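The file query-v2.pdb comes next; it holds PDB, C-alpha atoms, pLDDT in the B column.
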```pdb
ATOM      1  CA  MET A   1     160.473  76.948  34.740  1.00 89.00           C
ATOM      2  CA  LYS A   2     158.201  78.580  32.139  1.00 95.00           C
ATOM      3  CA  LEU A   3     154.716  80.013  32.582  1.00 97.00           C
ATOM      4  CA  LYS A   4     151.857  79.925  30.086  1.00 98.00           C
ATOM      5  CA  ILE A   5     148.797  82.074  30.683  1.00 98.00           C
ATOM      6  CA  CYS A   6     145.964  80.647  28.621  1.00 97.00           C
ATOM      7  CA  GLY A   7     142.463  81.685  27.595  1.00 97.00           C
ATOM      8  CA  MET A   8     143.188  85.318  26.746  1.00 98.00           C
ATOM      9  CA  LYS A   9     140.328  87.182  25.083  1.00 97.00           C
ATOM     10  CA  TYR A  10     140.231  90.968  25.539  1.00 98.00           C
ATOM     11  CA  PRO A  11     142.800  93.314  23.888  1.00 98.00           C
ATOM     12  CA  ASP A  12     143.390  95.644  26.859  1.00 98.00           C
ATOM     13  CA  ASN A  13     143.703  92.690  29.211  1.00 98.00           C
ATOM     14  CA  ILE A  14     146.053  90.959  26.759  1.00 98.00           C
ATOM     15  CA  LEU A  15     148.319  94.011  26.837  1.00 98.00           C
ATOM     16  CA  GLU A  16     148.206  94.243  30.635  1.00 98.00           C
ATOM     17  CA  VAL A  17     149.102  90.579  31.095  1.00 98.00           C
ATOM     18  CA  GLY A  18     151.618  90.793  28.268  1.00 98.00           C
ATOM     19  CA  SER A  19     153.477  93.546  30.126  1.00 98.00           C
ATOM     20  CA  LEU A  20     154.248  90.947  32.823  1.00 98.00           C
ATOM     21  CA  LEU A  21     156.196  88.926  30.227  1.00 98.00           C
ATOM     22  CA  PRO A  22     154.863  85.384  30.631  1.00 98.00           C
ATOM     23  CA  ASP A  23     156.691  82.903  28.429  1.00 98.00           C
ATOM     24  CA  TYR A  24     153.567  81.762  26.577  1.00 98.00           C
ATOM     25  CA  MET A  25     150.145  83.293  26.033  1.00 98.00           C
ATOM     26  CA  GLY A  26     147.289  81.063  24.882  1.00 98.00           C
ATOM     27  CA  PHE A  27     144.405  81.933  22.558  1.00 98.00           C
ATOM     28  CA  ILE A  28     141.590  79.405  22.278  1.00 97.00           C
ATOM     29  CA  PHE A  29     140.241  78.817  18.780  1.00 98.00           C
ATOM     30  CA  TRP A  30     137.584  76.292  19.810  1.00 96.00           C
ATOM     31  CA  PRO A  31     134.174  77.922  19.178  1.00 95.00           C
ATOM     32  CA  LYS A  32     132.436  76.114  22.063  1.00 94.00           C
ATOM     33  CA  SER A  33     134.779  77.598  24.658  1.00 94.00           C
ATOM     34  CA  ALA A  34     133.698  80.534  26.837  1.00 94.00           C
ATOM     35  CA  ARG A  35     137.190  81.886  26.096  1.00 96.00           C
ATOM     36  CA  TYR A  36     136.878  81.533  22.319  1.00 97.00           C
ATOM     37  CA  PHE A  37     139.087  84.092  20.598  1.00 98.00           C
ATOM     38  CA  ASP A  38     138.115  85.712  17.304  1.00 95.00           C
ATOM     39  CA  GLY A  39     139.476  89.246  17.633  1.00 95.00           C
ATOM     40  CA  ASP A  40     142.843  90.829  16.954  1.00 96.00           C
ATOM     41  CA  ILE A  41     145.926  90.198  19.062  1.00 98.00           C
ATOM     42  CA  PRO A  42     147.606  93.498  19.955  1.00 98.00           C
ATOM     43  CA  GLU A  43     151.361  93.881  19.583  1.00 97.00           C
ATOM     44  CA  LEU A  44     153.098  91.837  22.272  1.00 98.00           C
ATOM     45  CA  PRO A  45     156.725  91.603  23.398  1.00 98.00           C
ATOM     46  CA  LYS A  46     158.601  89.258  21.084  1.00 97.00           C
ATOM     47  CA  SER A  47     159.659  87.054  23.995  1.00 98.00           C
ATOM     48  CA  ILE A  48     156.053  85.885  24.469  1.00 98.00           C
ATOM     49  CA  LYS A  49     155.175  82.828  22.407  1.00 98.00           C
ATOM     50  CA  LYS A  50     151.650  83.220  21.093  1.00 98.00           C
ATOM     51  CA  THR A  51     149.964  79.835  21.292  1.00 98.00           C
ATOM     52  CA  GLY A  52     146.867  78.776  19.399  1.00 98.00           C
ATOM     53  CA  VAL A  53     144.702  76.192  21.167  1.00 98.00           C
ATOM     54  CA  PHE A  54     142.738  73.884  18.865  1.00 98.00           C
ATOM     55  CA  VAL A  55     140.351  70.962  19.411  1.00 96.00           C
ATOM     56  CA  ASN A  56     140.120  68.417  16.570  1.00 97.00           C
ATOM     57  CA  GLU A  57     140.571  71.185  14.020  1.00 97.00           C
ATOM     58  CA  SER A  58     141.605  70.760  10.389  1.00 98.00           C
ATOM     59  CA  ILE A  59     145.183  71.403   9.349  1.00 97.00           C
ATOM     60  CA  SER A  60     144.022  74.081   6.908  1.00 97.00           C
ATOM     61  CA  VAL A  61     142.296  76.070   9.677  1.00 98.00           C
ATOM     62  CA  ILE A  62     145.311  75.720  11.964  1.00 98.00           C
ATOM     63  CA  GLU A  63     147.568  76.948   9.169  1.00 97.00           C
ATOM     64  CA  GLU A  64     145.228  79.897   8.580  1.00 98.00           C
ATOM     65  CA  LYS A  65     145.340  80.918  12.268  1.00 98.00           C
ATOM     66  CA  VAL A  66     149.111  80.483  12.476  1.00 98.00           C
ATOM     67  CA  THR A  67     149.522  82.823   9.532  1.00 97.00           C
ATOM     68  CA  LYS A  68     146.882  85.358  10.593  1.00 97.00           C
ATOM     69  CA  TYR A  69     148.089  85.698  14.177  1.00 98.00           C
ATOM     70  CA  ASN A  70     151.776  84.900  13.685  1.00 98.00           C
ATOM     71  CA  LEU A  71     151.601  82.089  16.211  1.00 98.00           C
ATOM     72  CA  GLN A  72     154.756  80.516  17.601  1.00 98.00           C
ATOM     73  CA  ALA A  73     153.100  77.443  19.117  1.00 98.00           C
ATOM     74  CA  VAL A  74     150.110  75.202  18.455  1.00 98.00           C
ATOM     75  CA  GLN A  75     148.383  73.319  21.277  1.00 98.00           C
ATOM     76  CA  LEU A  76     146.314  70.316  20.218  1.00 98.00           C
ATOM     77  CA  HIS A  77     143.592  69.660  22.776  1.00 94.00           C
ATOM     78  CA  GLY A  78     141.529  66.996  21.035  1.00 95.00           C
ATOM     79  CA  GLN A  79     142.024  63.428  19.797  1.00 95.00           C
ATOM     80  CA  GLU A  80     144.618  64.380  17.207  1.00 97.00           C
ATOM     81  CA  SER A  81     146.450  61.333  15.844  1.00 98.00           C
ATOM     82  CA  VAL A  82     150.177  60.759  15.524  1.00 98.00           C
ATOM     83  CA  GLU A  83     149.748  61.101  11.751  1.00 98.00           C
ATOM     84  CA  PHE A  84     148.014  64.466  12.190  1.00 98.00           C
ATOM     85  CA  CYS A  85     150.839  65.758  14.381  1.00 98.00           C
ATOM     86  CA  SER A  86     153.398  64.440  11.920  1.00 98.00           C
ATOM     87  CA  GLU A  87     151.716  66.295   9.058  1.00 97.00           C
ATOM     88  CA  LEU A  88     151.704  69.511  11.094  1.00 97.00           C
ATOM     89  CA  LYS A  89     155.368  69.015  11.960  1.00 96.00           C
ATOM     90  CA  SER A  90     156.235  68.514   8.305  1.00 96.00           C
ATOM     91  CA  LYS A  91     154.313  71.626   7.317  1.00 96.00           C
ATOM     92  CA  PHE A  92     155.759  74.003   9.919  1.00 95.00           C
ATOM     93  CA  GLY A  93     159.149  72.476  10.653  1.00 93.00           C
ATOM     94  CA  THR A  94     160.925  74.169  13.536  1.00 93.00           C
ATOM     95  CA  SER A  95     159.038  77.461  13.123  1.00 96.00           C
ATOM     96  CA  ILE A  96     156.138  76.272  15.300  1.00 97.00           C
ATOM     97  CA  GLU A  97     156.217  74.387  18.591  1.00 98.00           C
ATOM     98  CA  ILE A  98     153.660  71.579  18.734  1.00 98.00           C
ATOM     99  CA  ILE A  99     152.166  70.872  22.164  1.00 98.00           C
ATOM    100  CA  LYS A 100     150.017  67.729  22.380  1.00 98.00           C
ATOM    101  CA  VAL A 101     147.538  67.640  25.240  1.00 97.00           C
ATOM    102  CA  PHE A 102     146.508  64.511  27.115  1.00 96.00           C
ATOM    103  CA  SER A 103     143.630  64.418  29.612  1.00 91.00           C
ATOM    104  CA  ALA A 104     144.850  62.651  32.726  1.00 91.00           C
ATOM    105  CA  ASP A 105     143.218  60.767  35.567  1.00 87.00           C
ATOM    106  CA  GLU A 106     144.246  57.841  37.765  1.00 89.00           C
ATOM    107  CA  ASN A 107     143.646  55.417  34.868  1.00 90.00           C
ATOM    108  CA  PHE A 108     145.784  57.246  32.313  1.00 93.00           C
ATOM    109  CA  ASP A 109     147.897  54.915  30.159  1.00 95.00           C
ATOM    110  CA  PHE A 110     151.293  56.541  29.686  1.00 96.00           C
ATOM    111  CA  SER A 111     152.212  54.096  26.915  1.00 96.00           C
ATOM    112  CA  VAL A 112     150.059  56.097  24.482  1.00 97.00           C
ATOM    113  CA  LEU A 113     152.665  58.871  24.574  1.00 97.00           C
ATOM    114  CA  LYS A 114     155.500  56.975  22.924  1.00 97.00           C
ATOM    115  CA  PRO A 115     154.419  57.340  19.256  1.00 98.00           C
ATOM    116  CA  TYR A 116     153.954  61.102  19.746  1.00 98.00           C
ATOM    117  CA  GLU A 117     157.487  61.757  20.983  1.00 98.00           C
ATOM    118  CA  SER A 118     158.968  62.238  17.504  1.00 97.00           C
ATOM    119  CA  VAL A 119     156.168  64.479  16.188  1.00 97.00           C
ATOM    120  CA  CYS A 120     155.595  66.871  19.120  1.00 98.00           C
ATOM    121  CA  ASP A 121     157.846  69.304  20.949  1.00 98.00           C
ATOM    122  CA  TYR A 122     156.042  69.080  24.268  1.00 98.00           C
ATOM    123  CA  PHE A 123     153.261  67.193  25.985  1.00 98.00           C
ATOM    124  CA  LEU A 124     150.691  68.884  28.221  1.00 97.00           C
ATOM    125  CA  PHE A 125     148.787  67.084  30.958  1.00 96.00           C
ATOM    126  CA  ASP A 126     145.373  68.463  31.846  1.00 92.00           C
ATOM    127  CA  THR A 127     142.604  67.148  34.063  1.00 89.00           C
ATOM    128  CA  LYS A 128     140.185  64.742  32.403  1.00 69.00           C
ATOM    129  CA  GLY A 129     136.682  66.208  32.607  1.00 56.00           C
ATOM    130  CA  LYS A 130     133.535  67.074  30.689  1.00 60.00           C
ATOM    131  CA  LEU A 131     135.325  69.662  28.561  1.00 58.00           C
ATOM    132  CA  PRO A 132     138.559  69.299  26.525  1.00 55.00           C
ATOM    133  CA  GLY A 133     140.089  71.841  28.930  1.00 50.00           C
ATOM    134  CA  GLY A 134     139.197  74.559  31.394  1.00 53.00           C
ATOM    135  CA  ASN A 135     137.471  72.257  33.859  1.00 51.00           C
ATOM    136  CA  GLY A 136     139.065  74.130  36.746  1.00 60.00           C
ATOM    137  CA  THR A 137     140.164  71.086  38.729  1.00 69.00           C
ATOM    138  CA  THR A 138     143.508  69.431  39.345  1.00 81.00           C
ATOM    139  CA  PHE A 139     144.323  65.765  38.863  1.00 86.00           C
ATOM    140  CA  ASP A 140     146.426  63.638  41.205  1.00 88.00           C
ATOM    141  CA  TRP A 141     149.963  64.588  40.250  1.00 91.00           C
ATOM    142  CA  LYS A 142     151.281  61.395  41.821  1.00 91.00           C
ATOM    143  CA  ILE A 143     150.369  59.562  38.619  1.00 93.00           C
ATOM    144  CA  LEU A 144     153.249  61.442  36.954  1.00 94.00           C
ATOM    145  CA  GLU A 145     155.570  59.051  38.791  1.00 92.00           C
ATOM    146  CA  LYS A 146     154.711  56.642  35.952  1.00 94.00           C
ATOM    147  CA  TYR A 147     155.987  59.103  33.323  1.00 96.00           C
ATOM    148  CA  GLN A 148     158.959  57.515  31.540  1.00 93.00           C
ATOM    149  CA  SER A 149     159.328  59.790  28.508  1.00 96.00           C
ATOM    150  CA  PRO A 150     162.241  62.231  28.105  1.00 96.00           C
ATOM    151  CA  LYS A 151     159.846  64.674  26.437  1.00 98.00           C
ATOM    152  CA  PRO A 152     159.437  67.908  28.461  1.00 98.00           C
ATOM    153  CA  PHE A 153     155.853  68.654  29.468  1.00 98.00           C
ATOM    154  CA  PHE A 154     153.464  71.388  30.560  1.00 97.00           C
ATOM    155  CA  LEU A 155     151.345  70.878  33.675  1.00 96.00           C
ATOM    156  CA  SER A 156     147.790  72.209  33.576  1.00 93.00           C
ATOM    157  CA  GLY A 157     144.378  71.743  35.171  1.00 89.00           C
ATOM    158  CA  GLY A 158     142.925  73.968  37.867  1.00 87.00           C
ATOM    159  CA  ILE A 159     146.260  75.365  38.999  1.00 93.00           C
ATOM    160  CA  GLY A 160     146.047  78.335  41.367  1.00 92.00           C
ATOM    161  CA  ILE A 161     148.533  80.075  43.644  1.00 90.00           C
ATOM    162  CA  ALA A 162     148.078  77.383  46.311  1.00 88.00           C
ATOM    163  CA  GLU A 163     148.957  74.624  43.848  1.00 87.00           C
ATOM    164  CA  LEU A 164     152.075  76.412  42.617  1.00 83.00           C
ATOM    165  CA  ASP A 165     153.763  75.754  45.935  1.00 78.00           C
ATOM    166  CA  SER A 166     153.212  72.015  45.496  1.00 81.00           C
ATOM    167  CA  ILE A 167     155.081  72.085  42.202  1.00 85.00           C
ATOM    168  CA  LYS A 168     158.304  72.301  44.177  1.00 81.00           C
ATOM    169  CA  GLU A 169     157.753  68.657  45.105  1.00 83.00           C
ATOM    170  CA  ILE A 170     157.620  67.635  41.437  1.00 88.00           C
ATOM    171  CA  LEU A 171     160.864  69.461  40.799  1.00 83.00           C
ATOM    172  CA  LYS A 172     162.611  67.359  43.427  1.00 84.00           C
ATOM    173  CA  THR A 173     162.154  64.420  41.056  1.00 89.00           C
ATOM    174  CA  ASN A 174     163.720  63.752  37.667  1.00 91.00           C
ATOM    175  CA  LEU A 175     160.503  64.543  35.812  1.00 94.00           C
ATOM    176  CA  PRO A 176     161.112  66.903  32.837  1.00 96.00           C
ATOM    177  CA  LEU A 177     158.522  69.488  33.900  1.00 96.00           C
ATOM    178  CA  TYR A 178     158.997  72.390  31.495  1.00 96.00           C
ATOM    179  CA  ALA A 179     156.134  74.813  32.120  1.00 96.00           C
ATOM    180  CA  ILE A 180     153.036  75.561  34.166  1.00 96.00           C
ATOM    181  CA  ASP A 181     149.806  76.430  32.351  1.00 96.00           C
ATOM    182  CA  ILE A 182     147.335  78.631  34.244  1.00 96.00           C
ATOM    183  CA  ASN A 183     143.871  79.810  33.305  1.00 95.00           C
ATOM    184  CA  SER A 184     140.587  79.782  35.236  1.00 92.00           C
ATOM    185  CA  LYS A 185     141.983  80.280  38.757  1.00 94.00           C
ATOM    186  CA  PHE A 186     143.450  83.611  37.631  1.00 96.00           C
ATOM    187  CA  GLU A 187     140.292  85.117  36.130  1.00 96.00           C
ATOM    188  CA  ILE A 188     137.719  87.745  36.949  1.00 97.00           C
ATOM    189  CA  GLU A 189     135.432  86.129  34.364  1.00 97.00           C
ATOM    190  CA  PRO A 190     136.099  83.706  31.487  1.00 96.00           C
ATOM    191  CA  GLY A 191     138.813  85.202  29.301  1.00 97.00           C
ATOM    192  CA  LEU A 192     139.453  88.207  31.558  1.00 98.00           C
ATOM    193  CA  LYS A 193     142.562  87.662  33.672  1.00 98.00           C
ATOM    194  CA  ASN A 194     143.277  89.191  37.068  1.00 98.00           C
ATOM    195  CA  THR A 195     146.558  90.919  36.286  1.00 98.00           C
ATOM    196  CA  SER A 196     147.564  91.137  39.932  1.00 98.00           C
ATOM    197  CA  LEU A 197     147.119  87.383  40.419  1.00 96.00           C
ATOM    198  CA  CYS A 198     149.028  86.689  37.205  1.00 97.00           C
ATOM    199  CA  LYS A 199     151.869  88.836  38.529  1.00 97.00           C
ATOM    200  CA  ASP A 200     151.840  86.793  41.740  1.00 95.00           C
ATOM    201  CA  ALA A 201     152.048  83.608  39.677  1.00 94.00           C
ATOM    202  CA  LEU A 202     155.052  84.862  37.752  1.00 95.00           C
ATOM    203  CA  GLN A 203     156.800  85.883  40.948  1.00 92.00           C
ATOM    204  CA  CYS A 204     156.080  82.480  42.456  1.00 89.00           C
ATOM    205  CA  ILE A 205     157.388  80.673  39.372  1.00 89.00           C
ATOM    206  CA  SER A 206     160.559  82.771  39.407  1.00 87.00           C
ATOM    207  CA  THR A 207     161.366  81.566  42.906  1.00 84.00           C
ATOM    208  CA  ILE A 208     160.964  77.888  42.019  1.00 77.00           C
ATOM    209  CA  LYS A 209     164.349  76.466  41.162  1.00 60.00           C
ATOM    210  CA  LYS A 210     165.012  72.995  39.885  1.00 47.00           C
TER     211      LYS A 210
END
```

Once you've parsed the file, please lay out its structure as structure tokens.
Amino acid sequence: MKLKICGMKYPDNILEVGSLLPDYMGFIFWPKSARYFDGDIPELPKSIKKTGVFVNESISVIEEKVTKYNLQAVQLHGQESVEFCSELKSKFGTSIEIIKVFSADENFDFSVLKPYESVCDYFLFDTKGKLPGGNGTTFDWKILEKYQSPKPFFLSGGIGIAELDSIKEILKTNLPLYAIDINSKFEIEPGLKNTSLCKDALQCISTIKK
């Protein structure tokens, strides 16, 4: 079970959270976000995959950010098409993981995932809300029972310490849950993470065995 801590913004806080060694650390490059990142990423342990989060961005801008920040993963949080993902995959090959986000609610149509399987490394399910992400609420995880894809996925959307315990139930199934993505429930303010809570999350994740 992997852990991604998303919405990082402040250098000192990035270093503090980085010292906990999460598997992924997310930086949001969507200007309308309260966690928009436009600074410098300090030197992090090589085991942490720096992930750029984009919303309907151009391939040229994504390529620029990947190069500037030496990103290891790209998270697409908008209405990016299969063709767009395919072009990104062709450009970066295996050097960059592509994570395609889908906003989920009780009416989500899982058939839309099929064409993306060959052009993305992972899916990510977040709660459908007013914003592309960071709405701070969970969706009904029971809808994941309809998930038929072999593609591993991230689970996101308003996850706090209390919700982490419920993840054990998902792991009793055959669902290919790969990682948990946390953000707003572990903050002091937007972009500033509570390091102690993040440490608790990592400890909790480490005890969850599939």

Original post:
Restricting the calculation to all atoms listed in the file, which member of A:Lys114, A:Gly160, A:Ile62, A:Thr207 is positioned closest to A:Glu187?
Top reply: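 Closest residue, counting all atoms listed in the file: A:Gly160.
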
**OP:** With only C-alpha atoms counted, which protein, DNA or RNA residues have an atom no more than 12 Å from (145.4, 77.5, 21.1) in the file frame? Please answer as a count of residues only.
**Re:** 48

Subject >> Given the PyMOL selection byres ((chain A and resi 106) around 10), the residues it picks as a list in words >> reply: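 With the PyMOL selection byres ((chain A and resi 106) around 10) on this model, the match is Ala104, Asp105, Asn107, Phe108, Asp109, Lys128, Phe139, Asp140, Trp141, Lys142, Ile143 and Leu144 of chain A.
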
**OP:** Could you please determine the separation between atom CA of A:Leu15 and atom CA of A:Leu197 in Å, to one decimal place?
**Re:** 15.2 Å

Subject >> Contact residues around A:Thr173 with all atoms listed in the file at 12 Å, ignoring same-chain residues under 3 positions, as JSON, numbers by chain >> reply: {"A": [142, 144, 145, 146, 147, 167, 168, 169, 170, 176, 177, 210]}
